[in-house]
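Below is one structure, written out as C-alpha cells; comments come after it.
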Amino acid sequence: MIEFYLDTRSGVAPYLQLVQQVRRAQKLGLLREGDQLPTVKEVVGKIAINPNTVQKAYRELEHEGLVGARPGVGTFVTQTRSEAALMAQGPLRYDLQQWFLAARSAGLDDDSIEALFKECFRSTSTVDVA
Amino acid sequence: MTAVLEAEGLSKRYGRRWALSDCTLSVPSGHVVGLVGPNGAGKSTLLNLAVGLLGPTAGTISVLGAPPAIDSAQLGRVGFVAQDPPTYSGLSVADHLKLGARTNPTWDNDLAARRIERLGLDPKQKAGKLSGGQRAQLSLTLAIAKRPEFLVLDEPVASLDPLARREFLQILMETVAEHQVSVVLSSHLVADIERVCDYLIVLISSRVQLTGEIEDLLATHHRLIGPRCDPSSLPENQQVIEESHSERQSTLLVRSDGPIMDPAWTIEALSLEDLVLAYMGQGRNIDASLWSSSRESE
C-alpha cells in the first residue's frame with residue numbers, strides 16, 4: 001500500500017502532493033489496478049493532515065479516472081497507466097534533450113535555460129490538451 | 001448549514017484595555033480552524049468567550065447556533081482544552097476518566113479507554129507524574145471522549161516537543177476524520193496550521209484582520225515583483241498588504257479577487273507563513289499609528 005508523506009517546504013498544496021504521489025507511484029508501477037489506497041483516517045493518523053485534504057486528493061484522482069471509490073469498502077486504483085503514454089515518453093524525452101542541446105549551443109547558461117523552461121512550462125500548463 | 005462559531009460586534013474589555021474589539025465572523029462547520037496572531041492579540045479571549053468562560057462586554061457570540069454554555073446540553077456539545085493542559089496532578093489517569101464519565105452525559109468510555117491504551121498511559125499513574133506531552137494527550141482524550149461536535153483548543157501543542165506535537169495532531173486529525181467534529185485551535189506554529197487547518201482567522205491587536213478558507217486565501221494573495229511603481233496606481237480590486245521598494249524595483253504583497261493582468265509583474269505564490277507574517281506586519285503598523293495618535297492627543 002502506498003505511504004504518503006508531506007513536503008512542507010515544496011510550496012505545492014498538500015492535496016496536490018498526495019495526488020502527485022499516487023500518479024508517480026502508478027507511473028513507476030508501484031500501484032497497479034485493484035490496489036487499495038489507505039483510508040482517510042489512516043492517512044491523517046499517520047501524517048497528521050486535515051482529512052478534507054485527503055478527501056480532496058481522492059476526489060481529484062477519481063475525477064481523473066485513476067481511482068474509484070467503493071462505498072463502505074475503500075478507494076481502489078482502477079487504471080494502470082496506458083501503454084500509449086509510456087511509449088510516447090521515448091520520443092518526448094528525445095525532443096526535450098534536443099531542445100536543451102540547442103539552448104546550450106545558443107549560449108544560454110543553466111539559469112537562463114531553467115527560467116525559460118519554467119516559463120514555457122507554466123504558460124502551457126493551463127492549456128487543456130485533452 | 002449552521003455556523004460553528006458566529007460573532008457579531010463581539011468585544012471584551014478588561015479595565016481600560018480592549019482585549020477583543022468589534023469581532024464579526026462566521027465560521028462554517030466541518031472545518032479545522034487555525035487561530036493565529038501575536039501574543040496578547042486576543043486569541044485566548046475569543047476562545048474563552050466561545051466556551052462561555054467569559055461573557056462579552058458588547059456584541060453577541062453563538063456556538064453551534066446557541067449562546068455558549070447556556071445549558072448542560074450546550075456544554076456537552078463543546079469540548080475545550082485550555083492553555084497549559086489542565087489536569088489534576090493528585091488524581092490518576094483512571095480518576096480523570098471516572099471524573100469525565102460522571103460529569104458528561106454523552107461520555108464514551110470505550111473511546112477513552114482505547115485512547116489511553118494506545119497512548120501507553122498507565123491508568124494508575126498520577127497526572128502530576130506525566131510528561132507535558134502525556135498531560136496534553138490526557139486532556140485531549142477527556143475532551144474527545146465527551147463526543148463534542150465542536151472542539152476548542154487553546155495553544156494545545158505550544159509546550160510539546162516535536163514528536164509529542166506530531167502525535168497530538170495525528171490523534172486530533174483521526175478524531176476529525178472519524179467523528180466529523182469541527183475544531184478551532186490557536187497556535188503560533190504556522191507549519192502545524194498549514195498541515196492540519198483548512199480555515200484561518202488572523203487576530204491582531206484585538207481585531208480580526210483576515211478570515212477564510214486557507215485555499216481561497218492563498219489563491220487570492222500574490223507577491224508581485226516588478227519595476228518600481230506607486231502602489232496607488234494598482235487596479236481597484238488589488239489591495240496592497242505589504243510593500244517594499246528599492247530604487248528600481250517594487251515588491252508588493254496584494255490581495256486580488258481577479259487575475260493580475262499587468263505583464264510587468266512577476267507573480268509568485270505565497271506560503272501560509274508569508275501570508276500570516278504580512279498581516280502581522282500590517283498589524284504592527286496599525287499599532288504604531290495608534291500609539292503615535294494617542295501620544296499626540298496627550
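By order in the C-alpha cells, chains are A, B, ...; within a chain, residues start at 1; ligands start at 1, following the order shown.
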At a cut-off of 10 Å, which residues of chain A touch chain B? Count only C-alpha atoms and give the answer as a PDB file with N, CA and C atoms, in the first residue's frame.
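Once everything was written out, this is iface.pdb:
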```pdb
ATOM      1  N   LEU A   6       4.432  14.286   3.415  1.00  0.00           N
ATOM      2  CA  LEU A   6       4.140  15.675   3.097  1.00  0.00           C
ATOM      3  C   LEU A   6       5.437  16.465   3.132  1.00  0.00           C
ATOM      4  N   THR A   8       6.642  19.963   3.428  1.00  0.00           N
ATOM      5  CA  THR A   8       6.051  21.256   3.784  1.00  0.00           C
ATOM      6  C   THR A   8       6.823  22.418   3.165  1.00  0.00           C
ATOM      7  N   ARG A   9       7.991  22.133   2.585  1.00  0.00           N
ATOM      8  CA  ARG A   9       8.770  23.238   2.014  1.00  0.00           C
ATOM      9  C   ARG A   9       8.580  23.377   0.512  1.00  0.00           C
ATOM     10  N   SER A  10       7.846  22.435  -0.087  1.00  0.00           N
ATOM     11  CA  SER A  10       7.783  22.424  -1.542  1.00  0.00           C
ATOM     12  C   SER A  10       6.954  23.565  -2.110  1.00  0.00           C
ATOM     13  N   GLY A  11       6.049  24.128  -1.283  1.00  0.00           N
ATOM     14  CA  GLY A  11       5.173  25.170  -1.799  1.00  0.00           C
ATOM     15  C   GLY A  11       4.017  24.605  -2.617  1.00  0.00           C
ATOM     16  N   VAL A  12       3.996  23.272  -2.793  1.00  0.00           N
ATOM     17  CA  VAL A  12       2.901  22.629  -3.510  1.00  0.00           C
ATOM     18  C   VAL A  12       1.781  22.338  -2.505  1.00  0.00           C
ATOM     19  N   ALA A  13       0.547  22.652  -2.898  1.00  0.00           N
ATOM     20  CA  ALA A  13      -0.586  22.431  -2.000  1.00  0.00           C
ATOM     21  C   ALA A  13      -0.605  20.978  -1.530  1.00  0.00           C
ATOM     22  N   PRO A  14      -0.866  20.747  -0.229  1.00  0.00           N
ATOM     23  CA  PRO A  14      -0.829  19.375   0.305  1.00  0.00           C
ATOM     24  C   PRO A  14      -1.677  18.371  -0.469  1.00  0.00           C
ATOM     25  N   THR A  39      -7.246   4.415   3.904  1.00  0.00           N
ATOM     26  CA  THR A  39      -8.446   5.195   4.205  1.00  0.00           C
ATOM     27  C   THR A  39      -8.030   6.592   4.670  1.00  0.00           C
ATOM     28  N   VAL A  40      -9.000   7.506   4.604  1.00  0.00           N
ATOM     29  CA  VAL A  40      -8.728   8.885   5.044  1.00  0.00           C
ATOM     30  C   VAL A  40      -8.206   8.880   6.479  1.00  0.00           C
ATOM     31  N   LYS A  41      -8.842   8.074   7.325  1.00  0.00           N
ATOM     32  CA  LYS A  41      -8.445   8.041   8.735  1.00  0.00           C
ATOM     33  C   LYS A  41      -7.003   7.536   8.882  1.00  0.00           C
ATOM     34  N   GLU A  42      -6.649   6.531   8.076  1.00  0.00           N
ATOM     35  CA  GLU A  42      -5.278   6.000   8.146  1.00  0.00           C
ATOM     36  C   GLU A  42      -4.260   7.064   7.728  1.00  0.00           C
ATOM     37  N   VAL A  43      -4.596   7.793   6.662  1.00  0.00           N
ATOM     38  CA  VAL A  43      -3.642   8.803   6.178  1.00  0.00           C
ATOM     39  C   VAL A  43      -3.457   9.908   7.215  1.00  0.00           C
ATOM     40  N   VAL A  44      -4.561  10.437   7.734  1.00  0.00           N
ATOM     41  CA  VAL A  44      -4.437  11.567   8.670  1.00  0.00           C
ATOM     42  C   VAL A  44      -3.817  11.126   9.996  1.00  0.00           C
ATOM     43  N   GLY A  45      -4.068   9.856  10.372  1.00  0.00           N
ATOM     44  CA  GLY A  45      -3.478   9.341  11.602  1.00  0.00           C
ATOM     45  C   GLY A  45      -1.978   9.149  11.457  1.00  0.00           C
ATOM     46  N   LYS A  46      -1.508   9.046  10.229  1.00  0.00           N
ATOM     47  CA  LYS A  46      -0.086   8.821  10.008  1.00  0.00           C
ATOM     48  C   LYS A  46       0.655  10.134   9.781  1.00  0.00           C
ATOM     49  N   ILE A  47       0.156  10.978   8.875  1.00  0.00           N
ATOM     50  CA  ILE A  47       0.937  12.178   8.573  1.00  0.00           C
ATOM     51  C   ILE A  47       0.319  13.456   9.139  1.00  0.00           C
ATOM     52  N   ALA A  48      -0.719  13.310   9.973  1.00  0.00           N
ATOM     53  CA  ALA A  48      -1.295  14.451  10.690  1.00  0.00           C
ATOM     54  C   ALA A  48      -1.640  15.613   9.764  1.00  0.00           C
ATOM     55  N   ILE A  49      -2.512  15.339   8.782  1.00  0.00           N
ATOM     56  CA  ILE A  49      -3.006  16.434   7.956  1.00  0.00           C
ATOM     57  C   ILE A  49      -4.529  16.456   8.015  1.00  0.00           C
ATOM     58  N   ASN A  50      -5.100  17.532   7.512  1.00  0.00           N
ATOM     59  CA  ASN A  50      -6.542  17.713   7.545  1.00  0.00           C
ATOM     60  C   ASN A  50      -7.255  16.653   6.687  1.00  0.00           C
ATOM     61  N   PRO A  51      -8.270  15.993   7.234  1.00  0.00           N
ATOM     62  CA  PRO A  51      -8.985  14.970   6.467  1.00  0.00           C
ATOM     63  C   PRO A  51      -9.569  15.507   5.152  1.00  0.00           C
ATOM     64  N   ASN A  52     -10.005  16.770   5.153  1.00  0.00           N
ATOM     65  CA  ASN A  52     -10.542  17.349   3.913  1.00  0.00           C
ATOM     66  C   ASN A  52      -9.505  17.352   2.796  1.00  0.00           C
ATOM     67  N   THR A  53      -8.228  17.500   3.175  1.00  0.00           N
ATOM     68  CA  THR A  53      -7.141  17.487   2.199  1.00  0.00           C
ATOM     69  C   THR A  53      -7.062  16.134   1.499  1.00  0.00           C
ATOM     70  N   VAL A  54      -7.177  15.063   2.292  1.00  0.00           N
ATOM     71  CA  VAL A  54      -7.096  13.715   1.731  1.00  0.00           C
ATOM     72  C   VAL A  54      -8.317  13.450   0.848  1.00  0.00           C
ATOM     73  N   GLN A  55      -9.496  13.877   1.358  1.00  0.00           N
ATOM     74  CA  GLN A  55     -10.713  13.675   0.581  1.00  0.00           C
ATOM     75  C   GLN A  55     -10.635  14.405  -0.757  1.00  0.00           C
TER      76      GLN A  55
END
```
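Considering only region 98-127 of chain A, backbone DSSP assigns alpha helix (DSSP H) to Gln98, Trp99, Phe100, Leu101, Ala102, Ala103, Arg104, Ser105, Asp110, Asp111, Ser112, Ile113, Glu114, Ala115, Leu116, Phe117, Lys118, Glu119, Cys120, Phe121, Arg122, Ser123, Thr124 and Ser125 of chain A.
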Please save N, CA and C atoms of the selected residues as a PDB file, in the first residue's frame.
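Saved result, result-v4.pdb, follows:
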```pdb
ATOM      1  N   GLN A  98      17.036  17.322 -27.282  1.00  0.00           N
ATOM      2  CA  GLN A  98      17.463  18.129 -28.435  1.00  0.00           C
ATOM      3  C   GLN A  98      17.295  19.617 -28.132  1.00  0.00           C
ATOM      4  N   TRP A  99      16.178  19.927 -27.465  1.00  0.00           N
ATOM      5  CA  TRP A  99      15.902  21.329 -27.148  1.00  0.00           C
ATOM      6  C   TRP A  99      16.968  21.878 -26.194  1.00  0.00           C
ATOM      7  N   PHE A 100      17.316  21.066 -25.166  1.00  0.00           N
ATOM      8  CA  PHE A 100      18.314  21.518 -24.200  1.00  0.00           C
ATOM      9  C   PHE A 100      19.667  21.722 -24.891  1.00  0.00           C
ATOM     10  N   LEU A 101      20.020  20.790 -25.799  1.00  0.00           N
ATOM     11  CA  LEU A 101      21.286  20.917 -26.528  1.00  0.00           C
ATOM     12  C   LEU A 101      21.296  22.201 -27.357  1.00  0.00           C
ATOM     13  N   ALA A 102      20.156  22.479 -28.020  1.00  0.00           N
ATOM     14  CA  ALA A 102      20.044  23.679 -28.842  1.00  0.00           C
ATOM     15  C   ALA A 102      20.192  24.931 -27.980  1.00  0.00           C
ATOM     16  N   ALA A 103      19.585  24.890 -26.792  1.00  0.00           N
ATOM     17  CA  ALA A 103      19.642  26.048 -25.897  1.00  0.00           C
ATOM     18  C   ALA A 103      21.085  26.297 -25.466  1.00  0.00           C
ATOM     19  N   ARG A 104      21.799  25.205 -25.149  1.00  0.00           N
ATOM     20  CA  ARG A 104      23.197  25.359 -24.736  1.00  0.00           C
ATOM     21  C   ARG A 104      24.063  25.890 -25.882  1.00  0.00           C
ATOM     22  N   SER A 105      23.855  25.334 -27.066  1.00  0.00           N
ATOM     23  CA  SER A 105      24.704  25.785 -28.175  1.00  0.00           C
ATOM     24  C   SER A 105      24.356  27.217 -28.577  1.00  0.00           C
ATOM     25  N   ASP A 110      22.851  27.809 -17.449  1.00  0.00           N
ATOM     26  CA  ASP A 110      21.874  26.932 -16.783  1.00  0.00           C
ATOM     27  C   ASP A 110      20.674  27.708 -16.258  1.00  0.00           C
ATOM     28  N   ASP A 111      20.965  28.855 -15.611  1.00  0.00           N
ATOM     29  CA  ASP A 111      19.879  29.644 -15.031  1.00  0.00           C
ATOM     30  C   ASP A 111      18.897  30.115 -16.097  1.00  0.00           C
ATOM     31  N   SER A 112      19.445  30.563 -17.216  1.00  0.00           N
ATOM     32  CA  SER A 112      18.572  31.063 -18.278  1.00  0.00           C
ATOM     33  C   SER A 112      17.736  29.937 -18.864  1.00  0.00           C
ATOM     34  N   ILE A 113      18.367  28.768 -19.038  1.00  0.00           N
ATOM     35  CA  ILE A 113      17.632  27.629 -19.581  1.00  0.00           C
ATOM     36  C   ILE A 113      16.494  27.248 -18.646  1.00  0.00           C
ATOM     37  N   GLU A 114      16.822  27.207 -17.339  1.00  0.00           N
ATOM     38  CA  GLU A 114      15.810  26.828 -16.354  1.00  0.00           C
ATOM     39  C   GLU A 114      14.655  27.824 -16.350  1.00  0.00           C
ATOM     40  N   ALA A 115      15.015  29.127 -16.395  1.00  0.00           N
ATOM     41  CA  ALA A 115      13.983  30.167 -16.372  1.00  0.00           C
ATOM     42  C   ALA A 115      13.074  30.053 -17.583  1.00  0.00           C
ATOM     43  N   LEU A 116      13.692  29.832 -18.752  1.00  0.00           N
ATOM     44  CA  LEU A 116      12.928  29.720 -19.996  1.00  0.00           C
ATOM     45  C   LEU A 116      12.030  28.484 -19.966  1.00  0.00           C
ATOM     46  N   PHE A 117      12.609  27.367 -19.491  1.00  0.00           N
ATOM     47  CA  PHE A 117      11.854  26.117 -19.403  1.00  0.00           C
ATOM     48  C   PHE A 117      10.642  26.282 -18.495  1.00  0.00           C
ATOM     49  N   LYS A 118      10.897  26.855 -17.319  1.00  0.00           N
ATOM     50  CA  LYS A 118       9.812  27.013 -16.344  1.00  0.00           C
ATOM     51  C   LYS A 118       8.719  27.934 -16.879  1.00  0.00           C
ATOM     52  N   GLU A 119       9.160  29.007 -17.530  1.00  0.00           N
ATOM     53  CA  GLU A 119       8.209  29.981 -18.063  1.00  0.00           C
ATOM     54  C   GLU A 119       7.284  29.308 -19.083  1.00  0.00           C
ATOM     55  N   CYS A 120       7.905  28.530 -20.004  1.00  0.00           N
ATOM     56  CA  CYS A 120       7.097  27.842 -21.011  1.00  0.00           C
ATOM     57  C   CYS A 120       6.225  26.769 -20.377  1.00  0.00           C
ATOM     58  N   PHE A 121       6.788  26.084 -19.372  1.00  0.00           N
ATOM     59  CA  PHE A 121       6.042  25.038 -18.677  1.00  0.00           C
ATOM     60  C   PHE A 121       4.783  25.624 -18.056  1.00  0.00           C
ATOM     61  N   ARG A 122       4.983  26.778 -17.378  1.00  0.00           N
ATOM     62  CA  ARG A 122       3.850  27.442 -16.725  1.00  0.00           C
ATOM     63  C   ARG A 122       2.813  27.903 -17.731  1.00  0.00           C
ATOM     64  N   SER A 123       3.299  28.530 -18.822  1.00  0.00           N
ATOM     65  CA  SER A 123       2.353  29.135 -19.754  1.00  0.00           C
ATOM     66  C   SER A 123       1.549  28.078 -20.497  1.00  0.00           C
ATOM     67  N   THR A 124       2.050  26.826 -20.535  1.00  0.00           N
ATOM     68  CA  THR A 124       1.283  25.802 -21.241  1.00  0.00           C
ATOM     69  C   THR A 124       0.525  24.896 -20.280  1.00  0.00           C
ATOM     70  N   SER A 125       0.812  25.002 -18.994  1.00  0.00           N
ATOM     71  CA  SER A 125       0.206  24.052 -18.055  1.00  0.00           C
ATOM     72  C   SER A 125      -1.286  24.271 -17.910  1.00  0.00           C
TER      73      SER A 125
END
```
Taking 3 positions as the minimum chain separation for residues in the same chain, which residues sit within 6 Å of Val27 (chain B) when counting only C-alpha atoms? Answer as a PDB file with N, CA and C atoms, in the first residue's frame.
```
ATOM      1  N   ALA B   3     -23.440  27.704  11.419  1.00  0.00           N
ATOM      2  CA  ALA B   3     -22.064  28.079  11.700  1.00  0.00           C
ATOM      3  C   ALA B   3     -21.666  27.479  13.040  1.00  0.00           C
ATOM      4  N   VAL B   4     -20.423  26.994  13.152  1.00  0.00           N
ATOM      5  CA  VAL B   4     -19.981  26.516  14.464  1.00  0.00           C
ATOM      6  C   VAL B   4     -19.714  27.705  15.370  1.00  0.00           C
ATOM      7  N   LEU B   5     -19.250  28.779  14.764  1.00  0.00           N
ATOM      8  CA  LEU B   5     -18.889  29.943  15.558  1.00  0.00           C
ATOM      9  C   LEU B   5     -19.347  31.189  14.819  1.00  0.00           C
TER      10      LEU B   5
END
```
Nearest to Gly132 (chain B) among B:Ser246, B:Gln209, B:Ser89, B:Ser11, with distances taken over only C-alpha atoms: which residue is it?
->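 Of B:Ser246, B:Gln209, B:Ser89, B:Ser11, the one nearest Gly132 (chain B), counting only C-alpha atoms, is B:Ser89.
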Would you list the contacts of region 60-74 of chain A as a list in words, taking every protein, DNA or RNA residue within 7 Å and counting only C-alpha atoms, but skipping same-chain residues closer than 4 positions in sequence?
->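 In the requested format, the answer is Val19, Gln36, Thr39, Lys56, Thr78 and Gln79 of chain A.
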Neighbours of Thr24 (chain B) within 12 Å (only C-alpha atoms; same-chain residues fewer than 4 positions away dropped), as a PyMOL selection string?
-> chain B and resi 5-11+20+46+58-62+201+203+206-211
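Using only C-alpha atoms for every distance, the candidate list B:His96, B:His188, B:Arg118, B:Lys126 yields B:His96 as the residue closest to Leu138 (chain B).
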Every residue of region 122-158 of chain B that DSSP places in strand (DSSP E or B), as a list of chain:residue names = B:Lys126, B:Phe150, B:Leu151, B:Val152, B:Leu153, B:Asp154
Skip Leu151 (chain B) itself and residues of its chain fewer than 5 positions away, then list as an MDAnalysis selection string all residues within 12 Å of it, counting only C-alpha atoms.
-> chainID B and resid 4:5 29:33 47 50:51 63:64 75:82 139:146 156 172:173 175:176 179:186
